[in-house]
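For reference, query.txt (compact mmCIF, C-alpha atoms (C1' of nucleotides)):
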# COMPACT_ATOMS: atom_id res chain seq x y z
CA MET A 25 -43.27 26.36 -5.25
CA THR A 26 -40.28 25.67 -3.17
CA ALA A 27 -42.23 22.43 -2.97
CA THR A 28 -40.54 19.16 -2.18
CA GLU A 29 -41.02 18.34 -5.85
CA THR A 30 -40.24 15.14 -7.76
CA PRO A 31 -39.08 13.09 -4.81
CA ALA A 32 -38.11 10.01 -6.81
CA ALA A 33 -35.92 11.63 -9.43
CA GLU A 34 -34.21 13.88 -6.94
CA ALA A 35 -33.44 11.11 -4.51
CA ASP A 36 -31.68 9.27 -7.31
CA TRP A 37 -29.06 11.97 -7.48
CA LEU A 38 -28.04 11.32 -3.91
CA ARG A 39 -28.15 7.52 -3.99
CA LEU A 40 -24.87 6.19 -2.72
CA ASP A 41 -24.72 3.32 -5.15
CA GLN A 42 -24.98 5.67 -8.09
CA GLN A 43 -22.12 7.91 -7.20
CA ILE A 44 -18.93 7.39 -9.10
CA CYS A 45 -16.98 8.92 -6.24
CA PHE A 46 -17.90 6.11 -3.89
CA SER A 47 -16.79 3.41 -6.32
CA LEU A 48 -13.57 5.25 -6.86
CA HIS A 49 -12.97 5.82 -3.16
CA ALA A 50 -13.64 2.15 -2.50
CA ALA A 51 -11.34 1.02 -5.29
CA SER A 52 -8.61 3.29 -4.03
CA ARG A 53 -8.86 1.87 -0.53
CA ALA A 54 -8.99 -1.68 -1.87
CA PHE A 55 -5.75 -1.03 -3.74
CA ASN A 56 -4.27 0.41 -0.62
CA GLY A 57 -5.25 -2.67 1.34
CA LEU A 58 -3.64 -5.03 -1.14
CA TYR A 59 -0.48 -2.93 -1.33
CA ARG A 60 -0.35 -2.93 2.44
CA VAL A 61 -0.23 -6.72 2.34
CA LEU A 62 2.27 -6.95 -0.51
CA LEU A 63 4.56 -4.22 0.81
CA LYS A 64 4.65 -5.46 4.37
CA ASP A 65 7.76 -7.56 3.68
CA LEU A 66 9.50 -4.55 2.18
CA GLY A 67 8.66 -2.38 5.17
CA LEU A 68 7.05 0.23 2.94
CA THR A 69 3.69 1.95 2.93
CA TYR A 70 2.05 2.59 -0.39
CA PRO A 71 3.03 6.27 -0.67
CA GLN A 72 6.57 5.38 0.38
CA TYR A 73 6.58 2.76 -2.37
CA LEU A 74 5.58 5.42 -4.91
CA VAL A 75 8.52 7.55 -3.82
CA MET A 76 10.87 4.59 -4.16
CA LEU A 77 9.47 3.82 -7.63
CA VAL A 78 10.35 7.32 -8.75
CA LEU A 79 13.82 7.15 -7.28
CA TRP A 80 14.51 3.75 -8.86
CA GLU A 81 13.34 5.03 -12.22
CA ARG A 82 14.91 8.48 -12.30
CA GLY A 83 17.71 8.39 -9.77
CA ASP A 84 18.33 10.89 -6.99
CA LEU A 85 15.97 13.86 -7.00
CA PRO A 86 15.24 16.97 -4.96
CA VAL A 87 12.12 16.88 -2.79
CA LYS A 88 10.57 19.49 -5.03
CA LYS A 89 10.79 17.25 -8.09
CA LEU A 90 9.42 14.26 -6.19
CA GLY A 91 6.45 16.36 -5.21
CA GLU A 92 5.80 17.39 -8.79
CA LEU A 93 5.95 13.85 -10.11
CA LEU A 94 3.74 12.40 -7.40
CA ARG A 95 1.64 15.49 -6.80
CA LEU A 96 2.50 15.57 -3.13
CA ASP A 97 3.41 18.68 -1.19
CA SER A 98 6.13 19.20 1.40
CA GLY A 99 3.70 18.66 4.24
CA THR A 100 3.34 15.07 3.08
CA LEU A 101 6.82 14.49 1.70
CA SER A 102 8.97 15.94 4.45
CA PRO A 103 7.96 13.46 7.15
CA LEU A 104 7.63 10.61 4.63
CA VAL A 105 11.18 11.03 3.37
CA LYS A 106 12.43 11.29 6.93
CA ARG A 107 10.87 7.91 7.64
CA LEU A 108 12.56 6.47 4.57
CA GLU A 109 15.80 7.91 5.86
CA ALA A 110 15.21 6.42 9.31
CA ALA A 111 14.69 3.05 7.56
CA GLY A 112 18.06 3.45 5.88
CA LEU A 113 16.69 3.52 2.33
CA VAL A 114 17.60 7.12 1.42
CA ARG A 115 19.68 10.01 2.63
CA ARG A 116 18.68 13.65 2.56
CA GLU A 117 21.39 16.10 1.57
CA ARG A 118 21.25 19.82 1.07
CA SER A 119 22.15 20.63 -2.49
CA ALA A 120 25.55 22.24 -2.81
CA ARG A 121 24.38 24.55 -5.58
CA ASP A 122 21.18 25.65 -3.88
CA GLU A 123 21.07 25.38 -0.14
CA ARG A 124 17.27 25.61 -0.16
CA SER A 125 16.96 22.34 -2.02
CA VAL A 126 17.19 18.88 -0.43
CA ASP A 127 18.32 16.00 -2.61
CA VAL A 128 16.93 12.60 -1.82
CA ARG A 129 19.54 9.96 -2.61
CA LEU A 130 19.12 6.20 -2.59
CA THR A 131 21.41 4.31 -0.26
CA GLY A 132 22.80 0.94 -1.30
CA GLN A 133 20.11 -0.65 0.77
CA GLY A 134 17.44 1.46 -0.90
CA ALA A 135 18.72 0.57 -4.36
CA ALA A 136 18.89 -3.11 -3.43
CA LEU A 137 15.26 -3.13 -2.35
CA ARG A 138 14.29 -2.75 -5.99
CA GLU A 139 14.88 -6.45 -6.57
CA GLN A 140 12.28 -7.40 -4.02
CA ALA A 141 9.87 -4.78 -5.36
CA LEU A 142 9.81 -6.32 -8.80
CA ARG A 143 7.30 -8.95 -7.81
CA VAL A 144 4.83 -6.37 -6.46
CA PRO A 145 3.46 -4.98 -9.75
CA ARG A 146 3.06 -8.51 -11.08
CA SER A 147 1.08 -9.55 -8.02
CA ILE A 148 -1.07 -6.47 -8.34
CA ALA A 149 -1.71 -7.04 -12.03
CA ALA A 150 -2.66 -10.63 -11.32
CA ALA A 151 -4.94 -9.59 -8.47
CA THR A 152 -6.96 -7.20 -10.60
CA GLY A 153 -8.01 -10.03 -12.88
CA PHE A 154 -7.78 -7.55 -15.76
CA ASP A 155 -5.71 -8.20 -18.86
CA PRO A 156 -3.09 -5.62 -19.86
CA ALA A 157 -5.31 -4.04 -22.51
CA GLU A 158 -8.14 -3.57 -20.07
CA ILE A 159 -5.79 -2.09 -17.48
CA GLY A 160 -4.46 0.33 -20.05
CA GLU A 161 -7.94 1.39 -21.03
CA LEU A 162 -9.00 1.91 -17.44
CA ARG A 163 -5.85 3.89 -16.75
CA ALA A 164 -6.49 6.15 -19.72
CA ARG A 165 -10.03 6.75 -18.57
CA LEU A 166 -8.94 7.56 -15.03
CA ASP A 167 -6.27 9.95 -16.25
CA ARG A 168 -8.84 11.74 -18.36
CA LEU A 169 -11.12 11.90 -15.35
CA THR A 170 -8.35 13.35 -13.19
CA SER A 171 -7.62 16.07 -15.71
CA ALA A 172 -11.28 17.00 -15.96
CA LEU A 173 -11.70 17.10 -12.18
CA ASP A 174 -8.56 19.15 -11.65
CA ALA A 175 -9.74 21.64 -14.23
CA ALA A 176 -13.17 21.84 -12.62
CA ALA A 177 -11.68 22.39 -9.16
CA LEU A 178 -9.79 25.37 -10.53
CA GLU A 179 -12.83 26.86 -12.22
CA GLU A 180 -15.35 26.19 -9.50
CA PRO A 181 -14.16 28.44 -6.67
CA PRO A 182 -13.79 31.52 -8.86
CA ALA A 183 -16.57 32.79 -6.66
CA PRO A 184 -15.19 35.79 -4.81
CA PRO A 185 -15.17 37.97 -7.94
CA ASP A 186 -15.46 41.12 -5.86
CA ARG A 187 -12.38 41.94 -3.88
CA ARG A 188 -10.91 45.35 -3.16
CA MET B 11 20.05 -18.74 -12.91
CA THR B 12 18.86 -16.21 -10.46
CA ALA B 13 20.28 -13.99 -13.16
CA THR B 14 19.31 -10.35 -13.39
CA GLU B 15 17.67 -11.21 -16.68
CA THR B 16 15.93 -8.95 -19.22
CA PRO B 17 16.64 -5.54 -17.69
CA ALA B 18 14.45 -3.56 -20.05
CA ALA B 19 11.33 -5.63 -19.65
CA GLU B 20 11.77 -5.71 -15.93
CA ALA B 21 12.11 -1.99 -15.58
CA ASP B 22 8.81 -1.60 -17.37
CA TRP B 23 7.04 -3.32 -14.52
CA LEU B 24 8.12 -0.60 -12.14
CA ARG B 25 7.47 2.38 -14.37
CA LEU B 26 5.28 4.83 -12.53
CA ASP B 27 3.29 5.82 -15.57
CA GLN B 28 2.29 2.25 -16.20
CA GLN B 29 0.86 1.52 -12.82
CA ILE B 30 -2.87 1.50 -12.54
CA CYS B 31 -2.61 2.24 -8.83
CA PHE B 32 -1.08 5.62 -9.47
CA SER B 33 -3.83 6.67 -11.86
CA LEU B 34 -6.40 5.52 -9.40
CA HIS B 35 -4.73 7.22 -6.46
CA ALA B 36 -4.51 10.42 -8.46
CA ALA B 37 -8.14 10.22 -9.55
CA SER B 38 -9.24 9.60 -6.00
CA ARG B 39 -7.38 12.65 -4.77
CA ALA B 40 -8.68 14.74 -7.64
CA PHE B 41 -12.22 13.79 -6.66
CA ASN B 42 -11.44 14.65 -3.08
CA GLY B 43 -10.15 18.04 -4.14
CA LEU B 44 -13.28 18.88 -6.11
CA TYR B 45 -15.55 17.67 -3.30
CA ARG B 46 -13.58 19.82 -0.91
CA VAL B 47 -14.48 22.83 -3.01
CA LEU B 48 -18.12 21.88 -3.53
CA LEU B 49 -18.75 20.86 0.09
CA LYS B 50 -17.11 23.86 1.64
CA ASP B 51 -20.39 25.75 1.76
CA LEU B 52 -22.07 22.81 3.48
CA GLY B 53 -19.33 22.59 6.08
CA LEU B 54 -18.73 18.93 5.27
CA THR B 55 -15.67 16.92 4.35
CA TYR B 56 -16.04 14.22 1.75
CA PRO B 57 -16.27 11.27 4.18
CA GLN B 58 -18.74 13.24 6.29
CA TYR B 59 -20.77 13.81 3.14
CA LEU B 60 -20.83 10.06 2.50
CA VAL B 61 -22.22 9.48 6.00
CA MET B 62 -24.89 12.11 5.43
CA LEU B 63 -25.80 10.52 2.09
CA VAL B 64 -26.46 7.23 3.83
CA LEU B 65 -28.50 8.85 6.57
CA TRP B 66 -30.58 10.83 4.07
CA GLU B 67 -31.22 7.71 2.06
CA ARG B 68 -31.88 5.17 4.80
CA GLY B 69 -32.80 7.17 7.86
CA ASP B 70 -31.29 6.83 11.33
CA LEU B 71 -28.79 4.01 11.66
CA PRO B 72 -26.46 2.51 14.27
CA VAL B 73 -22.77 3.21 13.82
CA LYS B 74 -22.23 -0.45 13.04
CA LYS B 75 -24.54 -0.30 10.01
CA LEU B 76 -22.93 2.92 8.79
CA GLY B 77 -19.59 1.20 8.91
CA GLU B 78 -20.83 -1.75 6.89
CA LEU B 79 -22.37 0.41 4.20
CA LEU B 80 -19.36 2.69 3.85
CA ARG B 81 -16.74 0.13 4.76
CA LEU B 82 -15.36 2.28 7.54
CA ASP B 83 -14.44 1.04 10.99
CA SER B 84 -15.11 2.61 14.35
CA GLY B 85 -11.67 4.18 14.47
CA THR B 86 -12.74 6.34 11.56
CA LEU B 87 -16.44 6.68 12.29
CA SER B 88 -16.39 7.47 16.00
CA PRO B 89 -14.57 10.77 15.74
CA LEU B 90 -16.23 11.60 12.40
CA VAL B 91 -19.73 11.21 13.83
CA LYS B 92 -18.74 13.24 16.87
CA ARG B 93 -17.74 16.06 14.56
CA LEU B 94 -21.08 15.83 12.78
CA GLU B 95 -22.73 16.00 16.20
CA ALA B 96 -20.64 19.01 17.16
CA ALA B 97 -21.83 20.64 13.93
CA GLY B 98 -25.44 20.02 14.97
CA LEU B 99 -26.25 17.72 12.06
CA VAL B 100 -26.78 14.48 14.00
CA ARG B 101 -27.24 13.22 17.52
CA ARG B 102 -25.77 10.05 18.96
CA GLU B 103 -28.02 8.05 21.23
CA ARG B 104 -27.45 4.75 22.94
CA SER B 105 -30.00 2.26 21.71
CA ALA B 106 -32.61 1.44 24.33
CA ARG B 107 -32.74 -2.19 23.26
CA ASP B 108 -29.01 -2.76 23.13
CA GLU B 109 -26.88 -0.46 25.20
CA ARG B 110 -23.79 -1.38 23.19
CA SER B 111 -25.23 0.15 20.06
CA VAL B 112 -25.21 3.86 19.22
CA ASP B 113 -27.87 5.18 16.89
CA VAL B 114 -26.95 8.11 14.70
CA ARG B 115 -30.03 10.28 14.18
CA LEU B 116 -30.42 13.23 11.85
CA THR B 117 -31.35 16.50 13.49
CA GLY B 118 -33.73 18.89 11.75
CA GLN B 119 -30.69 20.84 10.65
CA GLY B 120 -29.04 17.71 9.32
CA ALA B 121 -32.15 16.71 7.39
CA ALA B 122 -32.49 20.23 6.01
CA LEU B 123 -28.95 20.18 4.67
CA ARG B 124 -30.09 17.64 2.09
CA GLU B 125 -31.63 20.42 0.00
CA GLN B 126 -28.28 22.13 -0.40
CA ALA B 127 -26.56 18.83 -1.09
CA LEU B 128 -28.69 18.10 -4.13
CA ARG B 129 -26.61 20.30 -6.35
CA VAL B 130 -23.37 18.54 -5.46
CA PRO B 131 -23.80 15.33 -7.48
CA ARG B 132 -24.89 17.36 -10.48
CA SER B 133 -21.80 19.53 -10.26
CA ILE B 134 -19.62 16.47 -9.93
CA ALA B 135 -21.23 14.75 -12.89
CA ALA B 136 -20.76 17.87 -14.98
CA ALA B 137 -17.15 18.20 -13.88
CA THR B 138 -16.20 14.72 -15.01
CA GLY B 139 -17.16 15.53 -18.56
CA PHE B 140 -18.44 11.97 -18.84
CA ASP B 141 -21.93 11.15 -20.01
CA PRO B 142 -24.12 8.99 -17.73
CA ALA B 143 -23.48 5.83 -19.72
CA GLU B 144 -19.75 6.26 -19.50
CA ILE B 145 -19.96 6.95 -15.78
CA GLY B 146 -22.00 3.81 -15.29
CA GLU B 147 -19.51 1.76 -17.23
CA LEU B 148 -16.56 3.15 -15.29
CA ARG B 149 -18.37 2.55 -12.02
CA ALA B 150 -19.06 -1.08 -12.95
CA ARG B 151 -15.44 -1.59 -13.84
CA LEU B 152 -14.22 -0.05 -10.61
CA ASP B 153 -16.61 -2.15 -8.55
CA ARG B 154 -15.35 -5.27 -10.26
CA LEU B 155 -11.81 -4.16 -9.57
CA THR B 156 -12.57 -3.58 -5.90
CA SER B 157 -14.06 -7.05 -5.52
CA ALA B 158 -11.06 -8.66 -7.17
CA LEU B 159 -8.61 -6.69 -5.02
CA ASP B 160 -10.46 -7.46 -1.80
CA ALA B 161 -10.47 -11.13 -2.66
CA ALA B 162 -6.75 -11.04 -3.46
CA ALA B 163 -5.92 -9.28 -0.20
CA LEU B 164 -7.60 -12.08 1.68
CA GLU B 165 -5.80 -14.79 -0.23
CA GLU B 166 -2.41 -13.17 -0.44
CA PRO B 167 -1.15 -13.12 3.14
CA PRO B 168 -1.24 -16.85 3.83
CA ALA B 169 1.55 -16.84 1.26
CA PRO B 170 4.72 -18.11 2.91
CA PRO B 171 4.61 -21.32 0.84
CA ASP B 172 7.93 -22.52 2.12
CA ARG B 173 7.87 -22.64 5.83
CA ARG B 174 8.99 -25.42 8.12
C1' DC C 20 -28.42 -19.04 37.06
C1' DG C 21 -23.24 -18.17 36.00
C1' DC C 22 -19.62 -17.45 33.26
C1' DA C 23 -17.14 -17.61 28.78
C1' DA C 24 -17.49 -15.93 24.14
C1' DT C 25 -19.14 -12.50 21.15
C1' DT C 26 -20.49 -7.96 19.76
C1' DT C 27 -20.35 -2.82 19.66
C1' DG C 28 -18.01 1.31 20.27
C1' DA C 29 -14.32 3.92 21.89
C1' DT C 30 -9.44 4.75 22.31
C1' DT C 31 -4.55 4.85 21.01
C1' DG C 32 -0.93 5.17 17.81
C1' DT C 33 1.04 5.58 13.09
C1' DG C 34 0.90 7.45 8.69
C1' DC C 35 -1.03 10.17 4.71
C1' DA C 36 -3.49 14.60 2.56
C1' DC C 37 -3.71 19.21 2.55
C1' DA C 38 -4.11 24.18 4.05
C1' DA C 39 -1.61 27.82 6.19
C1' DT C 40 2.34 29.70 8.07
C1' DT C 41 7.33 30.13 8.79
C1' DT C 42 12.33 30.15 7.74
C1' DA C 43 16.21 30.39 4.99
C1' DA C 44 18.33 30.86 0.54
C1' DT C 45 18.24 32.84 -3.91
C1' DT C 46 17.04 36.07 -7.53
C1' DG C 47 15.84 40.37 -9.55
C1' DT C 48 15.89 45.31 -9.64
C1' DG C 49 17.07 49.93 -8.64
C1' DC D 21 25.31 46.77 -2.99
C1' DA D 22 20.58 46.80 -0.74
C1' DC D 23 16.24 45.20 -0.51
C1' DA D 24 11.83 43.29 -2.12
C1' DA D 25 10.02 39.23 -4.24
C1' DT D 26 10.31 34.53 -5.03
C1' DT D 27 11.37 29.78 -4.04
C1' DA D 28 12.24 25.27 -1.32
C1' DA D 29 11.46 22.94 2.84
C1' DA D 30 9.77 22.47 7.15
C1' DT D 31 6.29 23.04 10.59
C1' DT D 32 1.61 23.24 12.54
C1' DG D 33 -3.03 21.88 12.74
C1' DT D 34 -7.18 19.26 11.14
C1' DG D 35 -9.15 15.25 9.42
C1' DC D 36 -9.26 10.47 7.44
C1' DA D 37 -7.60 5.23 7.22
C1' DC D 38 -6.54 1.47 9.66
C1' DA D 39 -4.40 -1.78 13.12
C1' DA D 40 -4.55 -3.04 17.81
C1' DT D 41 -6.37 -2.86 22.21
C1' DC D 42 -9.91 -2.09 25.67
C1' DA D 43 -14.41 -1.79 28.09
C1' DA D 44 -19.09 -2.63 28.52
C1' DA D 45 -23.23 -4.99 27.20
C1' DT D 46 -25.28 -9.04 25.44
C1' DT D 47 -25.76 -13.84 24.26
C1' DG D 48 -25.23 -18.68 24.68
C1' DC D 49 -24.43 -22.80 26.93
C1' DG D 50 -23.76 -26.01 30.61
Take the structure in the file and write it out as structure tokens.
Amino acid sequence: MTATETPAAEADWLRLDQQICFSLHAASRAFNGLYRVLLKDLGLTYPQYLVMLVLWERGDLPVKKLGELLRLDSGTLSPLVKRLEAAGLVRRERSARDERSVDVRLTGQGAALREQALRVPRSIAAATGFDPAEIGELRARLDRLTSALDAAALEEPPAPPDRR
Amino acid sequence: MTATETPAAEADWLRLDQQICFSLHAASRAFNGLYRVLLKDLGLTYPQYLVMLVLWERGDLPVKKLGELLRLDSGTLSPLVKRLEAAGLVRRERSARDERSVDVRLTGQGAALREQALRVPRSIAAATGFDPAEIGELRARLDRLTSALDAAALEEPPAPPDRR
DNA sequence: CGCAATTTGATTGTGCACAATTTAATTGTG
DNA sequence: CACAATTAAATTGTGCACAATCAAATTGCG
């Protein structure tokens, strides 16, 4: 008892090459590396590119809304948006209606950058070597995975049931 | 020519919800969030956990080898391993044969932590809601994606086709 | 041997992720 | 109206990713 039991089967659980997380982490970094290359000409990092995508698609938005759409908090967005502002791509303006809110507005230069960005998704799609159907399927599976993981993260720490 | 052609179709290329990168980025962060919860008791971050996995599986290794297996460079590994050392889980020792090399060796405490870590992969697997076959399939697809992206990142930058 | 090239880590600097805290504006309630 | 609660950003602090640079040890070659 409390023996070192079933060494083979147990070890399998911890094998690096069997863990989905590692494949996913690696794929995420590989994407990041390719985006780094493709976005270099645009002067954007990958998260900055995501912010620009949202602004191009939906127009000017408050920081709060950007955070909801991209699932980023103010600790990440505040400095990121300031860098975009320093690059001349956006302006930050306090909302007139609600002084707590900061609207992020595309500048002419920021809006113009969209033209150059159009080639990026095509390059990415080509680089994956996946056809559109396969990409769609993978995306659906990943989204399902994300939902399941988010739900689990909320249920897992319920731990401290005794307070007061 | 050089027209702004087909506005609708073009916009689709930049739609956030169609980009595989966003799903993957989100899934990666969702994994990270769940690991953060599960590893809290072990006092490990997710990348630190990956390093421990490798050490548990393959025994003591030089930093160089750790970096190859996990695809992390010294800028990431040096401080990370120092934190593991500060936590008492590993020791860093200059190799006697090659003074340039630093061997990372598990301490008794580090080796003992493996017992507690065994439950982590099981919790993760359960949280995904995927059965083993589906996980394997997804993993294979992600690994293929990573290879394709890495290859593309190497080929992409020579780009400037019109120069001179 | 002697010195250039290579290899291994460490360091520095920038940027992102996220938790925790803080500040200011707004809203709700008595 | 006054004040507590809530909300939106910003700030602070820790840790990871990665590029670039540096230092020390090793290797290889003439």
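Using all atoms listed in the file, the smallest distance between any of A:Glu139, A:Asp65, A:Glu109, A:Asp127 and A:Lys89 comes from A:Asp127.
Every protein or nucleic acid residue with an atom no more than 10 Å from B:Trp23, counting all atoms listed in the file and leaving out same-chain residues fewer than 6 positions away, appears here: Ala141, Leu142, Arg143, Val144, Pro145, Arg146 and Ala149 of chain A; Gln29 of chain B.
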Suppose we keep C-alpha atoms; can you now write the selection as a CSV table (one decimal), in the frame of the given file?
chain,number,residue,atom,x,y,z
A,141,ALA,CA,9.9,-4.8,-5.4
A,142,LEU,CA,9.8,-6.3,-8.8
A,143,ARG,CA,7.3,-9.0,-7.8
A,144,VAL,CA,4.8,-6.4,-6.5
A,145,PRO,CA,3.5,-5.0,-9.8
A,146,ARG,CA,3.1,-8.5,-11.1
A,149,ALA,CA,-1.7,-7.0,-12.0
B,29,GLN,CA,0.9,1.5,-12.8
Rows by chain and residue number, chain B within 9 Å of chain C, shortest pair, only C-alpha atoms (C1' of nucleotides), as CSV:
residue,atom,partner,partner_atom,distance
B:Arg39,CA,C:DA36,C1',8.5
B:Val73,CA,C:DG28,C1',8.2
B:Lys74,CA,C:DT27,C1',7.3
B:Ser84,CA,C:DG28,C1',6.7
B:Gly85,CA,C:DA29,C1',7.9
B:Ser88,CA,C:DA29,C1',7.2
B:Glu109,CA,C:DT27,C1',8.9
B:Arg110,CA,C:DT27,C1',5.1
B:Ser111,CA,C:DT27,C1',5.7
B:Val112,CA,C:DG28,C1',7.7
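With chain A held fixed and chain B fitted to it over all Cα atoms, the RMSD is 1.6 Å.
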Which polymer residues have any atom within 12 Å of an atom of B:Arg151, counting only C-alpha atoms (C1' of nucleotides), with same-chain residues fewer than 2 positions away left out, as a VMD selection string? (chain A and resid 44 47 to 48 51 152 to 154 158 to 159 161 to 163 165 to 166) or (chain B and resid 144 to 149 153 to 158)
For C-alpha atoms, I'd like the residues from the last selection saved as a JSON list (two decimals), keeping the file's coordinate frame.
[["chain", "number", "residue", "atom", "x", "y", "z"],
["A", 44, "ILE", "CA", -18.93, 7.39, -9.10],
["A", 47, "SER", "CA", -16.79, 3.41, -6.32],
["A", 48, "LEU", "CA", -13.57, 5.25, -6.86],
["A", 51, "ALA", "CA", -11.34, 1.02, -5.29],
["A", 152, "THR", "CA", -6.96, -7.20, -10.60],
["A", 153, "GLY", "CA", -8.01, -10.03, -12.88],
["A", 154, "PHE", "CA", -7.78, -7.55, -15.76],
["A", 158, "GLU", "CA", -8.14, -3.57, -20.07],
["A", 159, "ILE", "CA", -5.79, -2.09, -17.48],
["A", 161, "GLU", "CA", -7.94, 1.39, -21.03],
["A", 162, "LEU", "CA", -9.00, 1.91, -17.44],
["A", 163, "ARG", "CA", -5.85, 3.89, -16.75],
["A", 165, "ARG", "CA", -10.03, 6.75, -18.57],
["A", 166, "LEU", "CA", -8.94, 7.56, -15.03],
["B", 144, "GLU", "CA", -19.75, 6.26, -19.50],
["B", 145, "ILE", "CA", -19.96, 6.95, -15.78],
["B", 146, "GLY", "CA", -22.00, 3.81, -15.29],
["B", 147, "GLU", "CA", -19.51, 1.76, -17.23],
["B", 148, "LEU", "CA", -16.56, 3.15, -15.29],
["B", 149, "ARG", "CA", -18.37, 2.55, -12.02],
["B", 153, "ASP", "CA", -16.61, -2.15, -8.55],
["B", 154, "ARG", "CA", -15.35, -5.27, -10.26],
["B", 155, "LEU", "CA", -11.81, -4.16, -9.57],
["B", 156, "THR", "CA", -12.57, -3.58, -5.90],
["B", 157, "SER", "CA", -14.06, -7.05, -5.52],
["B", 158, "ALA", "CA", -11.06, -8.66, -7.17]]
Pull out every residue of chain D sitting within 12 Å of chain B, counting all atoms listed in the file, and send them as a PyMOL selection string. chain D and resi 34-41+43-47
Report, in Å with one decimal, the straight-line distance from atom CA of A:Ala54 to atom CA of A:Pro156. 19.3 Å
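For the pair atom CA of A:Arg39 and atom CA of B:Trp66, the interatomic distance is 9.0 Å.
Considering the residues B:Ala162, B:Ala96, B:Val61, B:Leu49 and counting only C-alpha atoms, chain A has its shortest atom-to-atom contact with B:Ala162.
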Enumerate, as a ChimeraX atom specification, the protein, DNA and RNA residues whose atoms approach (-14.1, 13.2, -9.0) to within 6 Å, taking into account only C-alpha atoms (C1' of nucleotides) and the coordinate frame of the file. /A:45,173 /B:40-41
Selected residues, C-alpha atoms, written as a PDB file, keeping the file's coordinate frame, please.
ATOM      1  CA  CYS A  45     -16.980   8.920  -6.240  1.00  0.00           C
ATOM      2  CA  LEU A 173     -11.700  17.100 -12.180  1.00  0.00           C
TER       3      LEU A 173
ATOM      4  CA  ALA B  40      -8.680  14.740  -7.640  1.00  0.00           C
ATOM      5  CA  PHE B  41     -12.220  13.790  -6.660  1.00  0.00           C
TER       6      PHE B  41
END
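Distances to chain A were evaluated for B:Ala143, B:Val100, B:Ile134, B:Asp70 using only C-alpha atoms, and the minimum falls at B:Ile134.
Ranking A:Gly134, A:Gly83, A:Gly67, A:Gly91 by their shortest atom-to-atom distance to A:Gly112, with only C-alpha atoms included, puts A:Gly134 first.
For the atom pair formed by atom CA of A:Asn56 and atom CA of B:Asp160, the distance is 10.1 Å, given to one decimal.
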Between B:Leu24, B:Val114, B:Met62, B:Leu71, which is the closest to chain A once you count only C-alpha atoms? B:Leu24
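Distances here use all atoms listed in the file; by that measure, the residue among A:Leu58, A:Leu130, A:Leu108, A:Leu178 closest to chain B is A:Leu58.
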